[in-house]
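Visitor: My structure is stored as my_file_21.cif, with mmCIF, C-alpha atoms.
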```cif
data_coords
loop_
_atom_site.label_atom_id
_atom_site.label_comp_id
_atom_site.auth_asym_id
_atom_site.auth_seq_id
_atom_site.Cartn_x
_atom_site.Cartn_y
_atom_site.Cartn_z
CA MET A 1 0.00 0.00 0.00
CA SER A 2 1.38 3.39 -0.97
CA ASP A 3 0.84 6.32 1.35
CA SER A 4 1.82 9.19 -0.92
CA ASN A 5 1.38 11.84 1.69
CA THR A 6 4.47 13.89 0.99
CA SER A 7 5.04 13.59 -2.74
CA ASN A 8 3.77 16.12 -5.23
CA PHE A 9 1.00 14.96 -7.51
CA THR A 10 -2.01 16.55 -9.16
CA ASN A 11 -4.06 13.49 -10.05
CA PRO A 12 -3.57 10.71 -7.50
CA SER A 13 -4.44 7.25 -8.75
CA THR A 14 -5.62 6.19 -5.30
CA PHE A 15 -6.80 7.65 -2.03
CA ILE A 16 -6.23 6.15 1.41
CA LEU A 17 -9.28 5.97 3.71
CA LEU A 18 -8.22 5.97 7.35
CA GLY A 19 -11.52 4.70 8.70
CA ILE A 20 -12.02 6.45 12.04
CA PRO A 21 -8.84 8.43 12.80
CA GLY A 22 -7.60 7.96 16.35
CA LEU A 23 -9.70 4.84 16.92
CA GLU A 24 -7.82 2.43 14.65
CA ALA A 25 -7.19 0.00 17.49
CA ALA A 26 -10.90 -0.21 18.28
CA GLN A 27 -12.17 -0.46 14.70
CA VAL A 28 -12.68 -4.22 14.86
CA TRP A 29 -15.02 -3.73 17.81
CA ILE A 30 -16.67 -0.71 16.21
CA SER A 31 -17.39 -2.87 13.17
CA ILE A 32 -19.72 -5.15 15.19
CA PRO A 33 -22.57 -2.63 15.66
CA PHE A 34 -21.98 -1.31 12.13
CA CYS A 35 -22.34 -4.80 10.68
CA ALA A 36 -25.42 -5.50 12.81
CA MET A 37 -27.05 -2.23 11.68
CA TYR A 38 -26.26 -3.02 8.04
CA ILE A 39 -27.87 -6.47 8.30
CA ILE A 40 -30.96 -4.95 9.98
CA ALA A 41 -31.17 -2.28 7.26
CA ILE A 42 -30.91 -4.88 4.47
CA LEU A 43 -33.49 -7.24 6.00
CA GLY A 44 -35.89 -4.48 7.05
CA ASN A 45 -35.97 -2.66 3.73
CA PHE A 46 -36.14 -5.84 1.65
CA THR A 47 -39.07 -6.91 3.85
CA ILE A 48 -40.89 -3.65 3.11
CA LEU A 49 -40.34 -4.11 -0.64
CA PHE A 50 -41.44 -7.75 -0.50
CA ILE A 51 -44.61 -7.06 1.50
CA VAL A 52 -45.75 -4.20 -0.72
CA LYS A 53 -45.15 -6.28 -3.86
CA ARG A 54 -46.91 -9.31 -2.35
CA GLU A 55 -49.99 -7.56 -0.94
CA PRO A 56 -52.29 -6.05 -3.63
CA SER A 57 -54.08 -3.86 -1.06
CA LEU A 58 -50.81 -1.97 -0.54
CA HIS A 59 -50.52 -0.95 -4.20
CA GLU A 60 -51.27 2.66 -3.39
CA PRO A 61 -49.27 5.93 -3.64
CA MET A 62 -48.28 5.99 0.04
CA TYR A 63 -46.69 2.55 -0.20
CA TYR A 64 -45.06 3.29 -3.55
CA PHE A 65 -43.30 6.22 -1.90
CA LEU A 66 -42.38 3.95 1.00
CA CYS A 67 -40.83 1.51 -1.50
CA MET A 68 -38.83 4.36 -3.02
CA LEU A 69 -37.57 5.22 0.46
CA ALA A 70 -36.69 1.58 1.19
CA LEU A 71 -34.82 1.22 -2.11
CA THR A 72 -32.90 4.45 -1.49
CA ASP A 73 -32.00 3.30 2.03
CA LEU A 74 -30.67 0.03 0.60
CA LEU A 75 -28.55 1.84 -1.96
CA ILE A 76 -27.10 4.44 0.39
CA SER A 77 -26.10 1.86 3.00
CA THR A 78 -24.65 -0.50 0.39
CA SER A 79 -22.62 2.30 -1.22
CA THR A 80 -20.66 2.85 2.01
CA LEU A 81 -20.82 -0.09 4.43
CA PRO A 82 -19.03 -2.84 2.44
CA LYS A 83 -15.95 -0.64 1.95
CA MET A 84 -16.16 0.62 5.53
CA LEU A 85 -16.25 -2.93 6.90
CA SER A 86 -13.32 -3.94 4.67
CA ILE A 87 -11.33 -1.12 6.29
CA PHE A 88 -12.31 -2.23 9.80
CA TRP A 89 -11.74 -5.95 9.22
CA PHE A 90 -9.00 -6.26 6.59
CA ASN A 91 -7.27 -2.85 6.75
CA SER A 92 -8.16 -2.46 3.06
CA ARG A 93 -7.81 1.30 2.94
CA GLU A 94 -6.94 1.98 -0.67
CA ILE A 95 -9.66 3.21 -3.00
CA SER A 96 -9.05 4.27 -6.58
CA PHE A 97 -9.62 7.89 -7.55
CA SER A 98 -12.51 6.95 -9.85
CA ALA A 99 -14.10 4.65 -7.27
CA CYS A 100 -13.85 7.42 -4.67
CA LEU A 101 -15.61 9.88 -6.98
CA THR A 102 -18.28 7.28 -7.76
CA GLN A 103 -18.91 6.54 -4.10
CA MET A 104 -19.07 10.27 -3.33
CA TYR A 105 -21.59 10.85 -6.12
CA PHE A 106 -23.89 8.03 -5.04
CA VAL A 107 -23.72 8.79 -1.31
CA HIS A 108 -24.68 12.44 -1.79
CA SER A 109 -27.25 11.65 -4.51
CA PHE A 110 -29.04 9.05 -2.39
CA SER A 111 -28.95 11.31 0.68
CA ALA A 112 -30.67 14.05 -1.31
CA MET A 113 -33.08 11.45 -2.73
CA GLU A 114 -34.18 10.49 0.79
CA SER A 115 -35.06 14.11 1.48
CA GLY A 116 -37.06 14.40 -1.73
CA ILE A 117 -39.00 11.21 -0.99
CA LEU A 118 -39.95 12.54 2.45
CA LEU A 119 -41.29 15.65 0.71
CA ALA A 120 -43.32 13.44 -1.65
CA MET A 121 -44.68 11.56 1.37
CA ALA A 122 -45.66 14.90 2.94
CA LEU A 123 -47.60 15.65 -0.25
CA ASP A 124 -49.25 12.24 0.08
CA ARG A 125 -50.33 13.03 3.68
CA TYR A 126 -51.62 16.47 2.61
CA VAL A 127 -53.80 15.10 -0.19
CA ALA A 128 -55.03 12.17 1.95
CA ILE A 129 -56.13 14.40 4.84
CA CYS A 130 -57.11 17.66 3.14
CA HIS A 131 -58.57 16.25 -0.10
CA PRO A 132 -59.46 12.60 0.60
CA LEU A 133 -62.05 12.36 -2.19
CA ARG A 134 -59.47 13.38 -4.78
CA TYR A 135 -56.64 11.21 -3.47
CA PHE A 136 -56.71 8.52 -6.15
CA THR A 137 -57.37 10.99 -8.96
CA VAL A 138 -54.53 13.31 -7.91
CA LEU A 139 -51.90 10.71 -7.00
CA THR A 140 -52.31 8.30 -9.89
CA ASN A 141 -49.64 5.73 -10.72
CA SER A 142 -48.48 7.99 -13.55
CA VAL A 143 -48.10 10.97 -11.22
CA VAL A 144 -46.21 8.89 -8.64
CA ALA A 145 -43.83 7.65 -11.36
CA LYS A 146 -43.25 11.21 -12.60
CA ILE A 147 -42.54 12.40 -9.05
CA GLY A 148 -39.99 9.61 -8.68
CA LEU A 149 -38.35 10.52 -11.99
CA VAL A 150 -38.15 14.21 -11.06
CA LEU A 151 -36.53 13.34 -7.73
CA VAL A 152 -33.92 11.15 -9.44
CA LEU A 153 -33.10 13.84 -12.01
CA ARG A 154 -32.97 16.60 -9.40
CA CYS A 155 -30.60 14.73 -7.12
CA GLY A 156 -28.46 13.40 -9.96
CA ILE A 157 -28.01 16.80 -11.60
CA LEU A 158 -27.40 18.78 -8.39
CA THR A 159 -24.83 16.23 -7.17
CA LEU A 160 -22.97 16.04 -10.49
CA PRO A 161 -20.73 19.09 -9.71
CA TYR A 162 -19.29 17.25 -6.68
CA PRO A 163 -17.08 14.79 -8.61
CA LEU A 164 -16.40 17.43 -11.29
CA LEU A 165 -15.09 19.88 -8.70
CA VAL A 166 -13.02 17.20 -6.98
CA ARG A 167 -11.49 16.11 -10.28
CA GLN A 168 -10.31 19.60 -11.22
CA TRP A 169 -8.35 20.35 -8.01
CA PRO A 170 -4.62 19.56 -7.68
CA TYR A 171 -3.65 17.34 -4.75
CA CYS A 172 -0.07 18.09 -3.75
CA ARG A 173 -0.33 17.61 0.02
CA THR A 174 -1.62 14.14 0.70
CA ASN A 175 -3.92 11.46 -0.61
CA ILE A 176 -4.94 10.29 2.87
CA ILE A 177 -8.62 10.94 3.59
CA PRO A 178 -9.29 11.10 7.35
CA HIS A 179 -12.69 9.48 6.92
CA SER A 180 -14.38 6.11 6.51
CA TYR A 181 -15.86 6.90 3.07
CA CYS A 182 -15.35 9.48 0.32
CA ARG A 183 -17.35 12.38 1.64
CA PHE A 184 -17.23 15.51 -0.52
CA ILE A 185 -15.94 17.99 2.04
CA ALA A 186 -13.37 15.49 3.38
CA VAL A 187 -11.89 14.99 -0.10
CA VAL A 188 -11.78 18.63 -1.25
CA ASN A 189 -10.02 19.59 1.98
CA LEU A 190 -7.00 17.66 0.64
CA ALA A 191 -6.65 19.96 -2.38
CA CYS A 192 -3.80 22.46 -2.47
CA ALA A 193 -5.93 25.18 -4.04
CA ASP A 194 -8.62 27.67 -3.13
CA ILE A 195 -11.62 25.41 -2.51
CA ARG A 196 -14.09 28.09 -1.46
CA ILE A 197 -16.21 27.44 -4.54
CA SER A 198 -16.56 23.80 -3.42
CA SER A 199 -17.60 24.82 0.08
CA TYR A 200 -20.06 27.37 -1.27
CA TYR A 201 -21.59 24.85 -3.65
CA GLY A 202 -21.88 22.30 -0.85
CA LEU A 203 -23.80 24.80 1.26
CA PHE A 204 -25.90 25.79 -1.77
CA LYS A 205 -26.89 22.17 -2.35
CA LEU A 206 -27.61 21.68 1.35
CA PHE A 207 -30.05 24.59 1.46
CA SER A 208 -31.49 24.23 -2.07
CA VAL A 209 -32.30 20.53 -1.57
CA ILE A 210 -32.81 19.84 2.12
CA GLY A 211 -33.70 23.44 2.97
CA MET A 212 -36.35 23.69 0.25
CA ASP A 213 -37.68 20.22 1.01
CA LEU A 214 -38.05 21.12 4.68
CA PHE A 215 -39.79 24.37 3.75
CA PHE A 216 -42.43 22.61 1.63
CA ILE A 217 -42.82 19.87 4.24
CA LEU A 218 -43.50 22.62 6.79
CA VAL A 219 -46.07 24.19 4.44
CA SER A 220 -47.75 20.80 3.96
CA TYR A 221 -48.01 20.18 7.68
CA THR A 222 -49.30 23.69 8.32
CA LEU A 223 -52.20 22.92 5.97
CA ILE A 224 -52.61 19.44 7.47
CA LEU A 225 -52.80 20.81 11.03
CA ARG A 226 -55.30 23.44 9.93
CA ALA A 227 -57.51 20.69 8.47
CA ILE A 228 -57.08 18.54 11.60
CA PHE A 229 -58.11 21.34 13.97
CA ARG A 230 -61.31 21.78 11.95
CA LEU A 231 -62.43 18.23 12.75
CA PRO A 232 -65.37 18.13 15.16
CA THR A 233 -64.07 15.80 17.90
CA LYS A 234 -60.82 15.33 19.78
CA GLU A 235 -60.84 11.62 18.92
CA ALA A 236 -61.03 12.38 15.21
CA ARG A 237 -58.23 14.94 15.50
CA LEU A 238 -55.95 12.52 17.35
CA LYS A 239 -56.69 9.65 14.98
CA THR A 240 -56.03 11.80 11.93
CA PHE A 241 -52.80 13.21 13.36
CA GLY A 242 -51.75 9.65 14.22
CA THR A 243 -51.54 8.84 10.50
CA CYS A 244 -48.68 11.37 10.26
CA ILE A 245 -46.60 10.09 13.18
CA SER A 246 -44.56 7.61 11.11
CA HIS A 247 -43.70 10.28 8.57
CA LEU A 248 -42.77 12.82 11.25
CA CYS A 249 -40.48 10.27 12.91
CA ALA A 250 -38.81 9.55 9.55
CA ILE A 251 -38.25 13.29 9.06
CA LEU A 252 -36.60 13.67 12.47
CA VAL A 253 -34.44 10.56 11.93
CA LEU A 254 -33.08 11.94 8.66
CA TYR A 255 -32.80 15.71 9.07
CA ILE A 256 -31.53 16.21 12.62
CA PRO A 257 -28.32 14.13 12.27
CA ASP A 258 -27.89 15.28 8.65
CA PHE A 259 -27.82 18.97 9.56
CA PHE A 260 -25.71 18.33 12.64
CA SER A 261 -23.13 16.34 10.68
CA ALA A 262 -22.99 18.82 7.79
CA PHE A 263 -22.45 21.86 10.01
CA MET A 264 -20.00 20.10 12.35
CA GLN A 265 -17.95 18.98 9.34
CA ARG A 266 -17.65 22.57 8.11
CA PHE A 267 -17.59 24.60 11.33
CA GLY A 268 -16.75 22.19 14.15
CA HIS A 269 -13.02 22.85 14.09
CA ASN A 270 -12.65 22.25 17.83
CA VAL A 271 -14.59 18.96 17.78
CA PRO A 272 -12.34 15.83 17.85
CA ILE A 273 -12.04 14.39 14.36
CA HIS A 274 -12.82 10.85 15.51
CA PHE A 275 -16.18 12.07 16.83
CA LEU A 276 -16.99 13.85 13.55
CA VAL A 277 -16.08 10.82 11.43
CA LEU A 278 -17.83 8.34 13.71
CA PHE A 279 -21.00 10.43 13.74
CA ALA A 280 -20.90 10.95 9.95
CA SER A 281 -20.51 7.19 9.49
CA VAL A 282 -23.31 6.28 11.89
CA TYR A 283 -25.86 8.79 10.62
CA LEU A 284 -25.80 7.24 7.14
CA LEU A 285 -27.01 3.98 8.69
CA VAL A 286 -29.57 5.32 11.16
CA PRO A 287 -32.34 6.16 8.63
CA PRO A 288 -32.03 2.83 6.72
CA VAL A 289 -32.25 0.96 10.03
CA LEU A 290 -35.09 2.95 11.60
CA HIS A 291 -37.34 3.65 8.60
CA PRO A 292 -38.58 0.04 8.15
CA ILE A 293 -38.98 -0.31 11.93
CA ILE A 294 -40.99 2.92 12.17
CA TYR A 295 -43.29 2.04 9.28
CA GLY A 296 -43.50 -1.63 10.23
CA VAL A 297 -44.63 -0.81 13.77
CA ARG A 298 -46.85 2.16 12.99
CA THR A 299 -48.57 1.00 9.77
CA LYS A 300 -51.41 -1.44 10.39
CA GLN A 301 -51.45 -2.90 6.88
CA ILE A 302 -47.73 -3.67 6.89
CA ARG A 303 -47.96 -5.04 10.42
CA GLY A 304 -50.88 -7.25 9.37
CA SER A 305 -49.03 -8.48 6.30
CA LEU A 306 -46.03 -9.36 8.45
CA VAL A 307 -48.26 -11.39 10.77
CA GLN A 308 -49.78 -13.19 7.79
CA LEU A 309 -46.34 -13.83 6.35
CA PHE A 310 -45.01 -15.52 9.47
CA THR A 311 -48.21 -17.26 10.58
CA HIS A 312 -49.36 -18.25 7.04
CA LYS A 313 -52.88 -17.08 7.78
CA GLU A 314 -54.98 -16.25 4.76
CA THR A 315 -57.32 -13.84 6.49
CA GLU A 316 -58.61 -10.78 4.66
CA MET A 317 -57.21 -7.49 5.84
CA PHE A 318 -60.16 -5.54 4.44
CA PRO A 319 -63.85 -6.28 3.86
CA PRO A 320 -64.65 -7.56 0.35
CA CYS A 321 -65.73 -5.13 -2.29
CA ALA A 322 -68.18 -5.79 -5.08
CA LEU A 323 -68.52 -2.23 -6.36
CA GLY A 324 -65.08 -1.67 -7.88
CA LEU A 325 -64.02 0.64 -5.06
CA ARG A 326 -60.97 0.08 -2.86
CA PRO A 327 -61.80 -2.48 -0.15
CA SER A 328 -60.53 -0.30 2.69
CA SER A 329 -63.07 2.43 1.94
CA VAL A 330 -66.23 0.48 0.97
CA GLN A 331 -67.73 0.03 4.41
CA SER A 332 -67.17 3.66 5.35
CA TRP A 333 -68.75 4.85 2.11
CA LEU A 334 -71.88 2.86 2.90
CA VAL A 335 -72.09 3.97 6.54
CA HIS A 336 -70.72 7.49 6.75
CA GLY A 337 -70.88 8.88 3.24
CA ALA A 338 -68.27 9.90 0.72
CA VAL A 339 -66.04 12.29 2.68
CA ALA A 340 -66.08 10.27 5.88
CA SER A 341 -65.29 7.07 4.01
CA SER A 342 -62.33 8.47 2.12
CA LEU A 343 -60.80 9.95 5.24
CA ASN A 344 -61.45 6.74 7.15
CA HIS A 345 -59.52 4.82 4.51
CA PHE A 346 -56.40 6.77 5.46
CA LEU A 347 -57.11 6.76 9.20
CA ASP A 348 -57.01 2.95 9.15
CA ARG A 349 -53.34 3.01 8.13
#
```
Would you write out, as structure tokens, the structure that this file holds?
Guide:
Amino acid sequence: MSDSNTSNFTNPSTFILLGIPGLEAAQVWISIPFCAMYIIAILGNFTILFIVKREPSLHEPMYYFLCMLALTDLLISTSTLPKMLSIFWFNSREISFSACLTQMYFVHSFSAMESGILLAMALDRYVAICHPLRYFTVLTNSVVAKIGLVLVLRCGILTLPYPLLVRQWPYCRTNIIPHSYCRFIAVVNLACADIRISSYYGLFKLFSVIGMDLFFILVSYTLILRAIFRLPTKEARLKTFGTCISHLCAILVLYIPDFFSAFMQRFGHNVPIHFLVLFASVYLLVPPVLHPIIYGVRTKQIRGSLVQLFTHKETEMFPPCALGLRPSSVQSWLVHGAVASSLNHFLDR
């Protein structure tokens, strides 16, 4: 292994990932919870995808967005953890320049994708609660697919300058990255040039993607809360708000550590580097681990499908429907009328 940390070079063929600087002796032990979290993330998100594909009653916009989130969680964890574990277990620290740029692109693209999917899920909650009668006419399969395509294009295009900026800088100081994966700011800090444009673009992307997503999520929930407070009874208000709990938990799980890590990486000069790197490594795994748990526990249909899967019971989750309407809303339509039935369909989630 070549540690070219003193020679002059402008285009290094390889970078050296240190893992968690200062904790090299403990990395084998640190790898145990990382490996366990990775296995949980893989199993949990594959379970979500399998259940939604297997259960026809879950072929609805909310669950399509949940599948997008599960797939993104799988990709973001798989783009970092295998290399990270190879560093911890086998001291395999070398990564080619091209592979480093590729990993950087995918990590930051998928992170932005998660944020966009949470915004799409906020739109889903808004339409379901504020316009229940129009839910299936507004969020058609075609619209859901177009939303997914827009999110992919947005994240892919906005992240593209990252590897382009990294490729243009000269690296005459060192090729040792004090990190466990190729994070953008960690790589550009190695350049022996004025990298302010890289820092500015990183902040621009942070606020234009996550900042804008959070703004529109806040707008959605402002309208949702206004609709909830107009409901006649406290029980109805609590039940309706309960349908948003899973989504709110997913938002907190993603955004709080994301903002903390991003700002600490740029401005936390007095924070020990091993803490920054360890936190940045953990926070990539936390959403993929917790998202399937949150939605598996909180969503009745997924919970019911899991029970059926492991007990092999062929019980119906919803009353039968002979009118061509969705089974989960038929009974409410007959008893409470159109608006009550549509809202009840989403309250049963």
Visitor: Using only C-alpha atoms, list the residues that have an atom at most 9 Å from (-30.5, 13.9, -1.3), coordinates as in the file, as a list in words.
Guide: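 Residues with an atom at most 9 Å from (-30.5, 13.9, -1.3): Val107, His108, Ser109, Phe110, Ser111, Ala112, Met113, Glu114, Ser115, Gly116, Ile117, Leu151, Arg154, Cys155, Gly156, Thr159, Leu206, Val209 and Ile210 of chain A.
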Visitor: Quick one: residues within 12 Å of range 190-205 of chain A, only C-alpha atoms counted, chain neighbours fewer than 4 positions away excluded, as a PyMOL selection string?
Guide: chain A and resi 5+8-12+15-16+108-109+111-112+154-179+182-186+209-213+259+262-263+265-267
Visitor: Nearest to Phe106 in chain A: which of A:Tyr38, A:Tyr181, A:Phe50, A:Tyr64 is it, counting only C-alpha atoms?
Guide: A:Tyr181
Visitor: Would you kindly translate the PyMOL selection byres ((chain A and resi 130) around 10) into the concrete residues it picks from this file, as a PDB file with C-alpha atoms, in the coordinates of the input?
Guide:
```
ATOM      1  CA  ARG A 125     -50.330  13.030   3.680  1.00  0.00           C
ATOM      2  CA  TYR A 126     -51.620  16.470   2.610  1.00  0.00           C
ATOM      3  CA  VAL A 127     -53.800  15.100  -0.190  1.00  0.00           C
ATOM      4  CA  ALA A 128     -55.030  12.170   1.950  1.00  0.00           C
ATOM      5  CA  ILE A 129     -56.130  14.400   4.840  1.00  0.00           C
ATOM      6  CA  HIS A 131     -58.570  16.250  -0.100  1.00  0.00           C
ATOM      7  CA  PRO A 132     -59.460  12.600   0.600  1.00  0.00           C
ATOM      8  CA  LEU A 133     -62.050  12.360  -2.190  1.00  0.00           C
ATOM      9  CA  ARG A 134     -59.470  13.380  -4.780  1.00  0.00           C
ATOM     10  CA  TYR A 135     -56.640  11.210  -3.470  1.00  0.00           C
ATOM     11  CA  SER A 220     -47.750  20.800   3.960  1.00  0.00           C
ATOM     12  CA  LEU A 223     -52.200  22.920   5.970  1.00  0.00           C
ATOM     13  CA  ILE A 224     -52.610  19.440   7.470  1.00  0.00           C
ATOM     14  CA  LEU A 225     -52.800  20.810  11.030  1.00  0.00           C
ATOM     15  CA  ARG A 226     -55.300  23.440   9.930  1.00  0.00           C
ATOM     16  CA  ALA A 227     -57.510  20.690   8.470  1.00  0.00           C
ATOM     17  CA  ILE A 228     -57.080  18.540  11.600  1.00  0.00           C
ATOM     18  CA  LEU A 343     -60.800   9.950   5.240  1.00  0.00           C
TER      19      LEU A 343
END
```
Visitor: Hey, what's within 8 Å of range 286-301 of chain A if we count only C-alpha atoms and toss same-chain stuff fewer than 4 positions away? As a VMD selection string, please?
Guide: chain A and resid 37 to 38 40 to 41 44 to 45 48 58 70 73 to 74 77 245 to 246 249 to 250 253 to 254 282 305 317 348 to 349
Visitor: Taking 6 positions as the minimum chain separation for residues in the same chain, which residues sit within 10 Å of Cys35 in chain A when counting only C-alpha atoms? Answer as a list of chain:residue names.
Guide: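 Near neighbours after the sequence-gap exclusion: A:Ala41, A:Leu81, A:Pro82, A:Met84, A:Leu85.
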Visitor: Next, dump the selected residues to file, keeping only C-alpha atoms, as a CSV table (one decimal), keeping the file's coordinate frame.
Guide:
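Listed below is the output, part_9.csv:
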```csv
chain,number,residue,atom,x,y,z
A,41,ALA,CA,-31.2,-2.3,7.3
A,81,LEU,CA,-20.8,-0.1,4.4
A,82,PRO,CA,-19.0,-2.8,2.4
A,84,MET,CA,-16.2,0.6,5.5
A,85,LEU,CA,-16.2,-2.9,6.9
```
Visitor: Of the candidates A:Phe215, A:Phe34, A:Phe90, A:Phe207, which one gets nearest to Leu284 in chain A if we count all atoms listed in the file?
Guide: A:Phe34
Visitor: Select, from A:Thr137, A:Ser31, A:Ser57, A:Leu214, the residue with the minimum atom-to-atom distance to Leu252 in chain A, counting all atoms listed in the file.
Guide: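 Looking at the shortest contact to Leu252 in chain A, the residue is A:Leu214.
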Visitor: Name the residues captured by the PyMOL selection byres ((chain A and resi 20) around 9) when it is applied to the shown file; answer as a list in words.
Guide: Leu17, Leu18, Gly19, Pro21, Gly22, Leu23, Glu24, Gln27, Phe88, Pro178, His179, Ser180, Ile273, His274, Phe275, Val277, Leu278 and Ser281 of chain A
Visitor: With all atoms listed in the file as the atoms that count, which of A:Met264, A:Ile87, A:Met62, A:Leu71 lies nearest to Phe46 in chain A?
Guide: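 The closest residue to Phe46 in chain A is A:Leu71.
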Visitor: I'd like the interatomic distance between CA of Val152 in chain A and CA of Thr243 in chain A, to a tenth of an Å.
Guide: 26.7 Å
Visitor: Quick one: of A:Val144, A:Met121, A:Ile30, A:Leu43, who's nearest to Ile217 in chain A, counting all atoms listed in the file?
Guide: A:Met121
Visitor: With distances taken over all atoms listed in the file, which residue among A:Val307, A:Leu285, A:Leu101, A:Thr233 lies nearest Ala36 in chain A?
Guide: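 Answer, going by the shortest atom-to-atom distance: A:Leu285.
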Visitor: To one decimal place, how far is CA of Phe310 in chain A from CA of Thr47 in chain A in Å?
Guide: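 Interatomic distance here is 11.9 Å.
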Visitor: Give me, please, the distance in Å between CA of Ala26 in chain A and CA of Arg93 in chain A, quoted to one decimal.
Guide: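 That distance, rounded to one decimal, is 15.7 Å.
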